[in-house]
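Student: Got a file for you: coords23.cif, mmCIF, C-alpha atoms.
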data_data
loop_
_atom_site.label_atom_id
_atom_site.label_comp_id
_atom_site.auth_asym_id
_atom_site.auth_seq_id
_atom_site.Cartn_x
_atom_site.Cartn_y
_atom_site.Cartn_z
CA MET W 450 67.55 63.07 68.88
CA ALA W 451 66.25 63.69 72.40
CA GLU W 452 67.24 60.18 73.55
CA GLU W 453 70.88 61.04 73.16
CA VAL W 454 70.70 63.96 75.58
CA LYS W 455 69.79 63.51 79.23
CA LEU W 456 69.96 65.81 82.22
CA PHE W 457 69.96 64.44 85.76
CA GLY W 458 68.88 67.23 88.05
CA SER W 459 66.53 68.64 90.61
CA TRP W 460 63.83 71.27 89.98
CA ALA W 461 64.96 73.02 93.17
CA SER W 462 68.61 73.25 92.18
CA PRO W 463 69.68 76.54 90.57
CA TYR W 464 72.74 74.69 89.21
CA THR W 465 70.46 72.27 87.33
CA SER W 466 68.41 75.25 86.21
CA ARG W 467 71.49 76.86 84.64
CA VAL W 468 71.89 73.93 82.30
CA LYS W 469 68.16 73.89 81.49
CA VAL W 470 68.28 77.59 80.55
CA VAL W 471 71.16 76.98 78.15
CA LEU W 472 69.42 73.96 76.60
CA LYS W 473 66.33 76.15 76.12
CA LEU W 474 68.37 79.03 74.65
CA LYS W 475 69.86 76.63 72.12
CA GLY W 476 66.60 74.77 71.47
CA ILE W 477 68.15 71.42 72.38
CA GLU W 478 65.72 68.61 73.19
CA TYR W 479 66.60 66.41 76.11
CA GLU W 480 65.22 63.90 78.55
CA ASN W 481 64.88 65.35 82.04
CA VAL W 482 65.59 62.93 84.86
CA GLU W 483 64.33 64.33 88.16
CA GLU W 484 66.48 63.22 91.10
CA ASP W 485 65.35 62.94 94.69
CA LEU W 486 68.39 64.44 96.41
CA SER W 487 67.57 62.68 99.67
CA ASN W 488 67.64 59.36 97.81
CA LYS W 489 70.04 59.65 94.89
CA SER W 490 69.60 57.15 92.09
CA PRO W 491 72.26 54.50 91.39
CA LEU W 492 72.63 56.03 87.91
CA LEU W 493 73.48 59.47 89.32
CA LEU W 494 76.05 57.97 91.65
CA LYS W 495 77.47 55.98 88.74
CA TYR W 496 77.72 59.05 86.48
CA ASN W 497 79.11 61.39 89.15
CA PRO W 498 80.99 59.20 91.61
CA ILE W 499 83.38 62.01 92.59
CA HIS W 500 80.92 64.65 93.77
CA LYS W 501 77.62 62.68 93.72
CA LYS W 502 75.74 65.86 92.84
CA VAL W 503 73.33 67.25 90.30
CA PRO W 504 73.36 68.37 87.56
CA VAL W 505 74.89 65.61 85.46
CA PHE W 506 74.64 65.87 81.69
CA LEU W 507 74.67 62.76 79.54
CA HIS W 508 75.44 62.96 75.82
CA HIS W 509 75.82 59.78 73.75
CA GLY W 510 76.05 57.94 77.07
CA LYS W 511 79.01 60.00 78.30
CA PRO W 512 78.54 61.95 81.55
CA ILE W 513 79.69 65.45 82.43
CA ALA W 514 79.36 67.03 85.88
CA GLU W 515 79.60 70.60 87.25
CA SER W 516 77.09 73.07 85.81
CA LEU W 517 79.55 75.58 84.33
CA ILE W 518 81.65 72.81 82.76
CA ILE W 519 78.46 71.31 81.28
CA ILE W 520 77.52 74.70 79.83
CA GLU W 521 80.92 75.11 78.18
CA TYR W 522 80.55 71.61 76.71
CA ILE W 523 77.08 72.42 75.35
CA ASP W 524 78.38 75.68 73.89
CA GLU W 525 81.27 73.89 72.14
CA THR W 526 79.09 71.06 70.84
CA TRP W 527 76.02 73.02 69.69
CA LYS W 528 77.69 76.08 68.27
CA HIS W 529 74.61 78.16 67.32
CA ASN W 530 73.46 80.93 69.71
CA PRO W 531 76.82 81.05 71.51
CA ILE W 532 76.62 81.51 75.28
CA LEU W 533 80.27 82.36 75.87
CA PRO W 534 81.93 85.35 74.21
CA ILE W 535 84.26 84.67 71.29
CA ASP W 536 87.20 86.82 72.35
CA PRO W 537 89.61 84.92 74.68
CA TYR W 538 89.89 87.88 77.06
CA ASP W 539 86.12 88.27 77.33
CA ARG W 540 85.84 84.51 77.90
CA ALA W 541 88.38 84.74 80.71
CA MET W 542 86.38 87.58 82.28
CA ALA W 543 83.09 85.65 82.04
CA ARG W 544 84.71 82.63 83.69
CA PHE W 545 86.31 84.84 86.37
CA TRP W 546 82.98 86.40 87.38
CA ALA W 547 81.11 83.07 87.26
CA LYS W 548 83.74 81.68 89.65
CA PHE W 549 83.30 84.78 91.83
CA ILE W 550 79.57 84.09 92.05
CA ASP W 551 80.02 80.42 92.96
CA GLU W 552 83.02 80.73 95.26
CA LYS W 553 82.40 84.09 96.91
CA ILE W 554 78.78 85.23 96.67
CA GLN W 555 77.09 81.87 97.29
CA PRO W 556 79.10 81.00 100.44
CA ALA W 557 78.65 84.56 101.75
CA VAL W 558 74.87 84.31 101.33
CA TRP W 559 74.87 80.98 103.18
CA LYS W 560 76.94 82.53 105.94
CA THR W 561 74.31 85.22 106.54
CA LEU W 562 71.68 82.50 106.96
CA LEU W 563 73.72 80.38 109.32
CA ALA W 564 75.38 83.18 111.28
CA GLY W 565 74.68 83.55 114.97
CA GLU W 566 73.38 86.84 116.42
CA ASN W 567 76.89 88.23 116.92
CA GLU W 568 78.21 87.46 113.44
CA ARG W 569 75.13 88.30 111.40
CA GLU W 570 75.88 92.01 110.89
CA ALA W 571 79.39 91.31 109.62
CA ALA W 572 78.17 88.46 107.41
CA ILE W 573 75.49 90.68 105.85
CA GLU W 574 78.01 93.46 105.27
CA GLU W 575 80.37 91.04 103.53
CA ALA W 576 77.59 89.69 101.30
CA HIS W 577 76.52 93.22 100.45
CA GLN W 578 80.04 94.19 99.41
CA LEU W 579 80.32 91.16 97.15
CA LEU W 580 76.93 91.85 95.55
CA LYS W 581 77.98 95.47 94.97
CA THR W 582 81.18 94.29 93.28
CA LEU W 583 79.12 92.09 90.97
CA GLU W 584 76.62 94.87 90.30
CA ARG W 585 79.42 97.15 89.11
CA GLU W 586 80.28 94.61 86.43
CA LEU W 587 76.97 95.28 84.69
CA ASN W 588 78.36 98.70 83.88
CA GLY W 589 75.33 100.06 82.04
CA LYS W 590 74.70 96.87 80.04
CA LYS W 591 71.30 95.23 79.71
CA PHE W 592 72.78 91.84 80.59
CA PHE W 593 76.27 90.75 81.63
CA GLY W 594 76.44 89.20 78.17
CA GLY W 595 75.50 92.51 76.49
CA GLU W 596 72.23 92.73 74.56
CA SER W 597 71.22 89.17 75.37
CA LEU W 598 71.78 86.54 78.06
CA GLY W 599 75.28 85.18 78.20
CA PHE W 600 77.37 82.83 80.33
CA LEU W 601 77.56 85.16 83.30
CA ASP W 602 73.81 85.89 83.26
CA VAL W 603 73.19 82.14 83.37
CA ALA W 604 75.74 81.67 86.16
CA GLY W 605 74.15 84.63 87.91
CA ASN W 606 70.84 82.78 88.20
CA VAL W 607 71.70 82.05 91.84
CA VAL W 608 71.44 85.81 92.46
CA VAL W 609 68.04 85.86 90.71
CA TRP W 610 66.90 82.88 92.78
CA LEU W 611 68.07 84.72 95.90
CA GLU W 612 65.98 87.73 94.98
CA VAL W 613 62.91 85.58 94.45
CA SER W 614 63.29 83.31 97.47
CA GLN W 615 64.76 85.59 100.13
CA GLU W 616 61.35 86.57 101.48
CA ALA W 617 60.83 82.92 102.46
CA LEU W 618 63.82 83.28 104.74
CA GLY W 619 62.62 86.54 106.26
CA MET W 620 65.50 88.46 104.77
CA ASN W 621 66.14 91.21 102.29
CA LEU W 622 69.77 90.66 101.41
CA LEU W 623 69.27 91.82 97.83
CA ASP W 624 67.48 95.02 98.81
CA LYS W 625 66.26 96.77 95.66
CA GLU W 626 67.02 100.16 97.26
CA LYS W 627 70.62 99.14 97.87
CA PHE W 628 71.04 97.30 94.56
CA PRO W 629 68.79 99.05 92.01
CA ILE W 630 70.88 97.98 89.02
CA LEU W 631 71.13 94.35 90.10
CA HIS W 632 67.40 94.36 90.88
CA GLU W 633 66.57 95.63 87.38
CA TRP W 634 68.86 93.04 85.84
CA CYS W 635 67.06 90.32 87.85
CA GLN W 636 63.73 91.52 86.43
CA ARG W 637 65.09 91.43 82.87
CA VAL W 638 66.41 87.90 83.41
CA LEU W 639 63.11 86.74 84.93
CA ASP W 640 61.35 88.22 81.90
CA ASP W 641 63.53 86.35 79.41
CA ASP W 642 61.63 83.66 77.48
CA ALA W 643 64.05 80.81 78.07
CA PHE W 644 64.47 81.69 81.73
CA LYS W 645 60.70 82.00 82.25
CA GLN W 646 60.12 78.51 80.90
CA VAL W 647 62.69 77.00 83.21
CA MET W 648 62.18 78.93 86.46
CA PRO W 649 60.11 76.99 89.01
CA PRO W 650 56.83 78.62 90.07
CA LYS W 651 57.51 81.24 92.77
CA GLU W 652 55.19 79.78 95.42
CA LYS W 653 56.68 76.32 94.96
CA LEU W 654 60.20 77.74 95.33
CA LEU W 655 59.25 79.78 98.40
CA ALA W 656 57.63 76.79 100.10
CA PHE W 657 60.63 74.60 99.35
CA THR W 658 63.10 77.22 100.57
CA ARG W 659 61.14 77.77 103.78
CA ALA W 660 60.89 74.04 104.49
CA ARG W 661 64.55 73.42 103.71
CA PHE W 662 65.76 76.11 106.08
CA GLU W 663 63.43 75.12 108.84
CA ALA W 664 64.87 71.62 108.55
CA PHE W 665 68.35 73.13 108.69
CA LEU W 666 67.95 75.69 111.42
CA GLY W 667 64.86 74.56 113.26
CA PRO W 668 61.52 76.36 112.93
CA LYS W 669 61.58 80.11 113.68
CA MET M 1026 104.16 93.75 67.50
CA ALA M 1027 105.63 91.83 70.42
CA ASP M 1028 103.23 90.91 73.20
CA ASP M 1029 103.80 92.56 76.53
CA ILE M 1030 103.37 89.88 79.19
CA VAL M 1031 103.84 90.37 82.92
CA LEU M 1032 103.31 87.71 85.59
CA LEU M 1033 102.73 88.79 89.19
CA SER M 1034 103.35 85.89 91.53
CA THR M 1035 105.25 84.55 94.53
CA TRP M 1036 107.90 81.88 94.14
CA PRO M 1037 106.34 79.23 96.48
CA SER M 1038 102.86 79.46 94.96
CA MET M 1039 101.79 76.32 93.12
CA PHE M 1040 99.13 78.49 91.46
CA GLY M 1041 101.67 80.99 90.13
CA MET M 1042 103.89 78.14 88.92
CA ARG M 1043 101.04 76.85 86.75
CA VAL M 1044 101.10 80.07 84.76
CA GLY M 1045 104.89 79.84 84.47
CA VAL M 1046 104.58 76.30 83.07
CA ALA M 1047 101.92 77.37 80.55
CA LEU M 1048 103.96 80.37 79.36
CA ALA M 1049 107.04 78.15 79.02
CA GLU M 1050 105.08 75.51 77.09
CA LYS M 1051 104.13 78.21 74.60
CA GLY M 1052 107.70 79.55 74.43
CA LEU M 1053 106.60 83.02 75.52
CA LYS M 1054 108.86 85.73 76.89
CA TYR M 1055 107.51 87.61 79.86
CA GLU M 1056 108.46 89.77 82.81
CA TYR M 1057 108.19 88.07 86.18
CA ARG M 1058 107.53 90.22 89.22
CA GLU M 1059 107.85 88.72 92.69
CA GLU M 1060 105.18 89.97 95.08
CA ASP M 1061 105.51 90.28 98.83
CA LEU M 1062 102.11 89.11 100.06
CA ARG M 1063 102.54 91.00 103.32
CA ASN M 1064 103.15 94.19 101.35
CA LYS M 1065 101.22 93.88 98.09
CA SER M 1066 102.30 96.19 95.29
CA PRO M 1067 99.96 98.93 94.01
CA LEU M 1068 100.13 97.15 90.65
CA LEU M 1069 98.76 93.91 92.12
CA LEU M 1070 95.99 95.72 94.00
CA ASN M 1071 95.14 97.61 90.84
CA MET M 1072 95.20 94.58 88.56
CA ASN M 1073 93.29 92.25 90.91
CA PRO M 1074 91.15 94.54 93.06
CA VAL M 1075 88.52 91.85 93.63
CA HIS M 1076 90.71 89.17 95.25
CA LYS M 1077 94.06 90.97 95.69
CA LYS M 1078 95.76 87.62 95.03
CA ILE M 1079 98.44 86.19 92.83
CA PRO M 1080 98.91 85.00 90.19
CA VAL M 1081 97.87 87.79 87.86
CA LEU M 1082 98.80 87.79 84.19
CA ILE M 1083 98.92 91.17 82.52
CA HIS M 1084 98.76 90.85 78.72
CA ASN M 1085 99.21 94.10 76.83
CA GLY M 1086 98.02 95.94 79.92
CA LYS M 1087 94.90 93.80 80.51
CA PRO M 1088 94.83 91.69 83.70
CA ILE M 1089 93.57 88.14 84.14
CA SER M 1090 93.32 86.39 87.51
CA GLU M 1091 92.71 82.83 88.76
CA SER M 1092 95.45 80.44 87.65
CA MET M 1093 93.49 77.92 85.54
CA ILE M 1094 91.49 80.74 83.92
CA ILE M 1095 94.84 82.31 83.04
CA VAL M 1096 96.14 78.97 81.69
CA GLU M 1097 93.03 78.53 79.53
CA TYR M 1098 93.43 82.11 78.29
CA ILE M 1099 97.07 81.49 77.35
CA ASP M 1100 96.06 78.27 75.58
CA GLY M 1101 93.34 80.12 73.67
CA VAL M 1102 95.43 83.07 72.54
CA TRP M 1103 98.61 81.16 71.65
CA ASN M 1104 96.88 78.17 70.18
CA HIS M 1105 99.43 77.48 67.44
CA LYS M 1106 101.89 75.72 69.73
CA SER M 1107 101.70 73.00 72.43
CA PRO M 1108 97.93 72.88 72.90
CA LEU M 1109 97.08 72.25 76.54
CA LEU M 1110 93.37 71.53 76.12
CA PRO M 1111 92.26 68.82 73.68
CA THR M 1112 90.11 69.74 70.68
CA ASP M 1113 87.29 67.29 71.41
CA PRO M 1114 84.56 68.97 73.54
CA TYR M 1115 84.01 65.91 75.76
CA GLN M 1116 87.71 65.56 76.49
CA ARG M 1117 87.88 69.30 77.17
CA ALA M 1118 85.02 68.91 79.66
CA GLN M 1119 86.86 66.05 81.37
CA ALA M 1120 90.07 68.09 81.52
CA ARG M 1121 88.22 71.06 83.05
CA PHE M 1122 86.50 68.73 85.52
CA TRP M 1123 89.75 67.24 86.82
CA ALA M 1124 91.56 70.59 86.97
CA ASP M 1125 88.55 71.86 88.93
CA PHE M 1126 88.83 68.81 91.22
CA VAL M 1127 92.50 69.61 91.93
CA ASP M 1128 91.51 73.21 92.67
CA LYS M 1129 88.53 72.41 94.88
CA LYS M 1130 90.17 69.65 96.88
CA LEU M 1131 93.93 69.48 97.00
CA TYR M 1132 94.84 72.95 98.24
CA ASP M 1133 92.22 73.21 101.00
CA ILE M 1134 92.83 69.68 102.22
CA GLY M 1135 96.58 70.12 102.01
CA LYS M 1136 96.30 73.19 104.23
CA LYS M 1137 95.00 70.98 107.06
CA ILE M 1138 98.22 68.98 106.96
CA ILE M 1139 100.64 71.88 106.98
CA TRP M 1140 98.94 74.68 108.87
CA SER M 1141 96.66 72.86 111.28
CA THR M 1142 97.49 72.43 114.91
CA LYS M 1143 94.44 70.35 115.85
CA GLY M 1144 95.16 66.62 115.88
CA GLU M 1145 91.84 65.47 114.47
CA GLU M 1146 91.80 67.99 111.62
CA HIS M 1147 95.38 67.06 110.81
CA GLU M 1148 94.55 63.33 110.64
CA THR M 1149 91.42 63.91 108.56
CA GLY M 1150 93.39 66.16 106.24
CA LYS M 1151 96.02 63.51 105.69
CA LYS M 1152 93.43 60.80 104.94
CA GLU M 1153 91.48 63.02 102.54
CA PHE M 1154 94.66 64.19 100.83
CA ILE M 1155 95.83 60.64 100.14
CA GLU M 1156 92.33 59.73 98.92
CA CYS M 1157 92.41 62.63 96.45
CA LEU M 1158 95.83 61.62 95.17
CA LYS M 1159 94.58 58.05 94.71
CA LEU M 1160 91.58 59.30 92.73
CA LEU M 1161 93.90 61.34 90.55
CA GLN M 1162 96.24 58.37 90.11
CA ARG M 1163 93.27 56.27 89.00
CA GLU M 1164 92.28 58.97 86.52
CA LEU M 1165 95.82 58.97 85.14
CA GLY M 1166 95.68 55.20 84.64
CA ASP M 1167 98.33 53.94 82.26
CA LYS M 1168 98.54 57.15 80.26
CA PRO M 1169 101.89 58.95 80.23
CA TYR M 1170 100.11 62.22 81.05
CA PHE M 1171 96.62 63.19 82.17
CA GLY M 1172 96.37 64.74 78.73
CA GLY M 1173 97.09 61.34 77.13
CA GLU M 1174 100.16 61.19 74.92
CA ASN M 1175 100.82 64.86 75.50
CA PHE M 1176 101.26 67.05 78.56
CA GLY M 1177 98.05 69.01 79.00
CA PHE M 1178 95.68 71.11 81.08
CA VAL M 1179 95.24 68.72 84.02
CA ASP M 1180 98.98 68.01 84.09
CA VAL M 1181 99.59 71.76 84.47
CA SER M 1182 97.02 72.01 87.28
CA LEU M 1183 98.56 69.20 89.33
CA VAL M 1184 102.28 69.07 88.59
CA THR M 1185 102.98 72.29 90.49
CA PHE M 1186 101.70 70.66 93.67
CA SER M 1187 104.47 68.08 93.32
CA CYS M 1188 107.16 70.42 94.64
CA TRP M 1189 105.02 70.71 97.76
CA PHE M 1190 104.77 66.90 98.20
CA HIS M 1191 107.94 66.76 100.31
CA THR M 1192 106.39 69.35 102.67
CA PHE M 1193 103.03 67.51 102.87
CA GLU M 1194 104.89 64.24 103.49
CA SER M 1195 107.07 65.74 106.18
CA TYR M 1196 104.24 67.30 108.19
CA GLY M 1197 101.75 64.54 107.39
CA ASN M 1198 104.17 61.71 108.04
CA PHE M 1199 103.42 59.72 104.92
CA SER M 1200 105.03 59.02 101.57
CA VAL M 1201 103.31 59.93 98.30
CA GLU M 1202 105.49 57.37 96.52
CA THR M 1203 104.28 54.58 98.81
CA GLU M 1204 100.64 55.60 98.48
CA CYS M 1205 100.68 56.57 94.78
CA PRO M 1206 103.76 55.28 92.96
CA LYS M 1207 102.31 55.93 89.49
CA LEU M 1208 101.74 59.56 90.41
CA ILE M 1209 105.39 59.96 91.40
CA ALA M 1210 106.43 58.31 88.13
CA TRP M 1211 104.22 60.83 86.34
CA THR M 1212 105.83 63.69 88.31
CA LYS M 1213 109.31 62.56 87.23
CA ARG M 1214 108.14 62.29 83.62
CA CYS M 1215 106.80 65.85 83.77
CA LEU M 1216 110.02 67.15 85.33
CA GLU M 1217 111.89 65.91 82.25
CA LYS M 1218 110.17 68.73 80.39
CA GLU M 1219 112.06 72.00 80.43
CA SER M 1220 108.83 73.99 80.88
CA VAL M 1221 108.13 72.13 84.12
CA SER M 1222 111.62 71.85 85.60
CA SER M 1223 112.30 75.55 84.99
CA SER M 1224 109.01 76.62 86.60
CA LEU M 1225 108.78 74.46 89.72
CA ALA M 1226 110.42 75.53 92.95
CA ASP M 1227 112.93 73.35 94.78
CA PRO M 1228 111.04 71.06 97.22
CA HIS M 1229 113.55 71.70 100.01
CA LYS M 1230 113.23 75.46 99.63
CA ILE M 1231 109.44 75.02 99.81
CA HIS M 1232 109.86 73.04 103.01
CA ASP M 1233 112.04 75.78 104.50
CA PHE M 1234 109.46 78.34 103.46
CA ALA M 1235 106.61 76.39 105.09
CA SER M 1236 108.68 75.90 108.21
CA GLY M 1237 109.29 79.65 108.38
CA VAL M 1238 105.57 80.40 108.08
CA ARG M 1239 104.73 77.83 110.74
CA LYS M 1240 107.27 79.41 113.11
CA ARG M 1241 105.72 82.81 112.47
CA LEU M 1242 102.26 81.37 113.18
CA GLY M 1243 103.61 79.78 116.34
CA ILE M 1244 102.85 76.23 115.30
CA GLU M 1245 106.37 74.93 114.65
#
Transcribe the structure of this file into structure tokens.

Tutor:
Amino acid sequence: MAEEVKLFGSWASPYTSRVKVVLKLKGIEYENVEEDLSNKSPLLLKYNPIHKKVPVFLHHGKPIAESLIIIEYIDETWKHNPILPIDPYDRAMARFWAKFIDEKIQPAVWKTLLAGENEREAAIEEAHQLLKTLERELNGKKFFGGESLGFLDVAGNVVVWLEVSQEALGMNLLDKEKFPILHEWCQRVLDDDAFKQVMPPKEKLLAFTRARFEAFLGPK
Amino acid sequence: MADDIVLLSTWPSMFGMRVGVALAEKGLKYEYREEDLRNKSPLLLNMNPVHKKIPVLIHNGKPISESMIIVEYIDGVWNHKSPLLPTDPYQRAQARFWADFVDKKLYDIGKKIIWSTKGEEHETGKKEFIECLKLLQRELGDKPYFGGENFGFVDVSLVTFSCWFHTFESYGNFSVETECPKLIAWTKRCLEKESVSSSLADPHKIHDFASGVRKRLGIE
């Protein structure tokens, strides 16, 4: 029943999008609650008092926060079309690389955007090295999950979003010449049915990204 | 065939201790190798080339890094004894959430108390640290363990910080027992378990260690 499953999120949040992709991959119906992140609803704050962030997943009235934790919950509750690998070692590897994306790649990308003139070169170099490390993990596979999208491909959506939105920031961090394999993987992900249905329209994302960074950094 | 298990760690690391506790809970025999973080072994660099950090668990030659990922791996492989994660998916999500909270908050905030020289950062660190402990104490409630009746995943993630409490208290000039008496009661309850008492370092030795590092950094 759709009423039992709710997702509090924002269309512009790749973390929310991760959960939406998994719900699509598993064919789970849910009620989407769009949050205005500049004016968070009392319900969101009630369901995620610790971090006060989206996404928050509600099942039978019980809330779960943190996108990757939500995805593991969904995978354990709706067992068809598994997102995580079955083997414990492969699961550990998927979790390791998802953590790498969230704790290393994301902050490094941010750093390149916020870096002053003097630090920008070094910040870009660091981000490039991290992206290269991730690219190597593909190791000839179609997706990180193998033949089809898996946990790490879903977690990797932030890299896909970077590829799509970087032109709005006047940058080319994920240069397809430097990262041909990662670039091709991005295209395959963008072409995936579930992903396509969930990805916001490119122009909308570009406009949002541009506006958000101008607000952050001042107009260029 | 007997499992070949090696743990690369350093004795003061609360992250490495978590793995020790998990292995002890499961009654597993393993080889412990002490690393010198100022002179990392070729084995460590080979087994964790991405982060070059401890702890690393090497199981039958295959490495796993990131302490709670290692703990979840151990729980998954040796699932016949002392389960650390509950079986119910919602409770598993909650356990992962709180272990993630300990990881995201406690270590980085704690660093401000011990390694910071700036007065304001030090004071903020102390306030935030106590706030985190209070949130954790509230989450514990009246349960004997975070895992409920049994010692579990969140208990493993937090209990290893307890041998560092004396150090935080000393440099932060506060008392965990005064601020969070139930948490100290929980710590004592955990220390009654052989798996915990044999894996945690002596709080006074930790304090000496921290003092030594501070002297080396020129902040003692």

Student: On this structure, which residues satisfy the PyMOL selection byres ((chain W and resi 514) around 10), written as JSON, numbers by chain?

Tutor: {"W": [457, 496, 497, 498, 499, 500, 501, 502, 503, 504, 505, 506, 507, 512, 513, 515, 516, 517, 518, 519, 520], "M": [1118, 1119, 1122]}

Student: Within 7 Å of chain W, which residues of chain M are there when counting all atoms listed in the file? Please give them as an NGL selection string.

Tutor: :M and (1094 or 1098 or 1101-1102 or 1114-1115 or 1118 or 1121-1122)

Student: Measure the distance from CA of Arg661 (chain W) to CA of Asp551 (chain W) in Å and round it to one decimal.

Tutor: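 A separation of 20.1 Å between them.
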
Student: Going by the chain IDs and residue numbers used in this file, which residues fall under the PyMOL selection byres ((chain W and resi 578) around 12)? Write them as a list in words.

Tutor: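 Applying the PyMOL selection byres ((chain W and resi 578) around 12) to the structure shown produces Lys553, Ile554, Ala557, Val558, Ala571, Ala572, Ile573, Glu574, Glu575, Ala576, His577, Leu579, Leu580, Lys581, Thr582, Leu583, Glu584, Arg585, Leu622, Leu623, Lys627 and Phe628 of chain W; Val1075 of chain M.
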
Student: Might you spell out which residues the PyMOL selection byres ((chain M and resi 1033-1049) around 6) would select in the displayed file, as a list in words?

Tutor: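 Selected by the PyMOL selection byres ((chain M and resi 1033-1049) around 6) in this file: Leu1032, Glu1050, Lys1051, Gly1052, Leu1053, Arg1058, Glu1059, Glu1060, Ile1079, Pro1080, Val1081, Ser1092, Val1096, Val1181, Thr1185, Phe1186, Ser1220, Val1221 and Ser1224 of chain M.
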
Student: For Arg637 (chain W), list every protein, DNA or RNA residue within 12 Å, evaluated using all atoms listed in the file, and leave out those in the same chain fewer than 3 positions away; present the list as a PyMOL selection string.

Tutor: chain W and resi 590-593+596-598+602+606+609+630-634+640-645

Student: Record the distance separating CA of Glu616 (chain W) and CA of Thr561 (chain W), expressed in Å with one decimal.

Tutor: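 That distance, rounded to one decimal, is 14.0 Å.
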
Student: Would you work out the distance separating CA of Tyr1055 (chain M) from CA of Leu1070 (chain M), expressed in Å to one decimal?

Tutor: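 Distance reported for this atom pair: 20.0 Å.
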
Student: Which residues are near Pro1228 (chain M)? Cut-off 7 Å, all atoms listed in the file, ignore same chain within fewer than 3 positions. Put them as a list in words.

Tutor: Cys1188, Trp1189, His1191, Ile1231 and His1232 of chain M

Student: Got a sec to check which residues sit within 12 Å of (68.1, 75.1, 70.9), counting all atoms listed in the file, and write them as a PyMOL selection string?

Tutor: chain W and resi 451+469-479+523-524+526-532+643

Student: Mind working out the centre and edge lengths of an axis-aligned box for region 645-660 of chain W, all listed atoms inside, 8 Å added to each side, rounded to one decimal in Å and written as lines of an AutoDock Vina configuration file?

Tutor:
center_x = 59.1
center_y = 78.0
center_z = 92.7
size_x = 23.9
size_y = 24.0
size_z = 39.6

Student: Could you pull the residues within 7 Å of Ile1134 (chain M), counting all atoms listed in the file, minus those fewer than 6 positions along the same chain, as a count of residues only?

Tutor: 3

Student: Could you check the closest approach to Thr1212 (chain M) for each of M:Asp1113, M:Asp1128, M:Asp1133, M:Asp1180 and tell me which residue wins, using only C-alpha atoms?

Tutor: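 For Thr1212 (chain M), the nearest of the given residues is M:Asp1180.
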
Student: With only C-alpha atoms as the counted atoms, please give the residues lying no more than 10 Å from Arg1163 (chain M), apart from itself and same-chain residues fewer than 4 positions off, as a PyMOL selection string.

Tutor: chain M and resi 1157-1159+1167+1205+1207-1208

Student: Limited to C-alpha atoms, could you put the picked residues into a file as a short mmCIF file (atom, residue, chain, number, x, y, z; two decimals), in the coordinates of the input?

Tutor:
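What ended up in out-v7.cif:
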data_model
loop_
_atom_site.label_atom_id
_atom_site.label_comp_id
_atom_site.auth_asym_id
_atom_site.auth_seq_id
_atom_site.Cartn_x
_atom_site.Cartn_y
_atom_site.Cartn_z
CA CYS M 1157 92.41 62.63 96.45
CA LEU M 1158 95.83 61.62 95.17
CA LYS M 1159 94.58 58.05 94.71
CA ASP M 1167 98.33 53.94 82.26
CA CYS M 1205 100.68 56.57 94.78
CA LYS M 1207 102.31 55.93 89.49
CA LEU M 1208 101.74 59.56 90.41
#
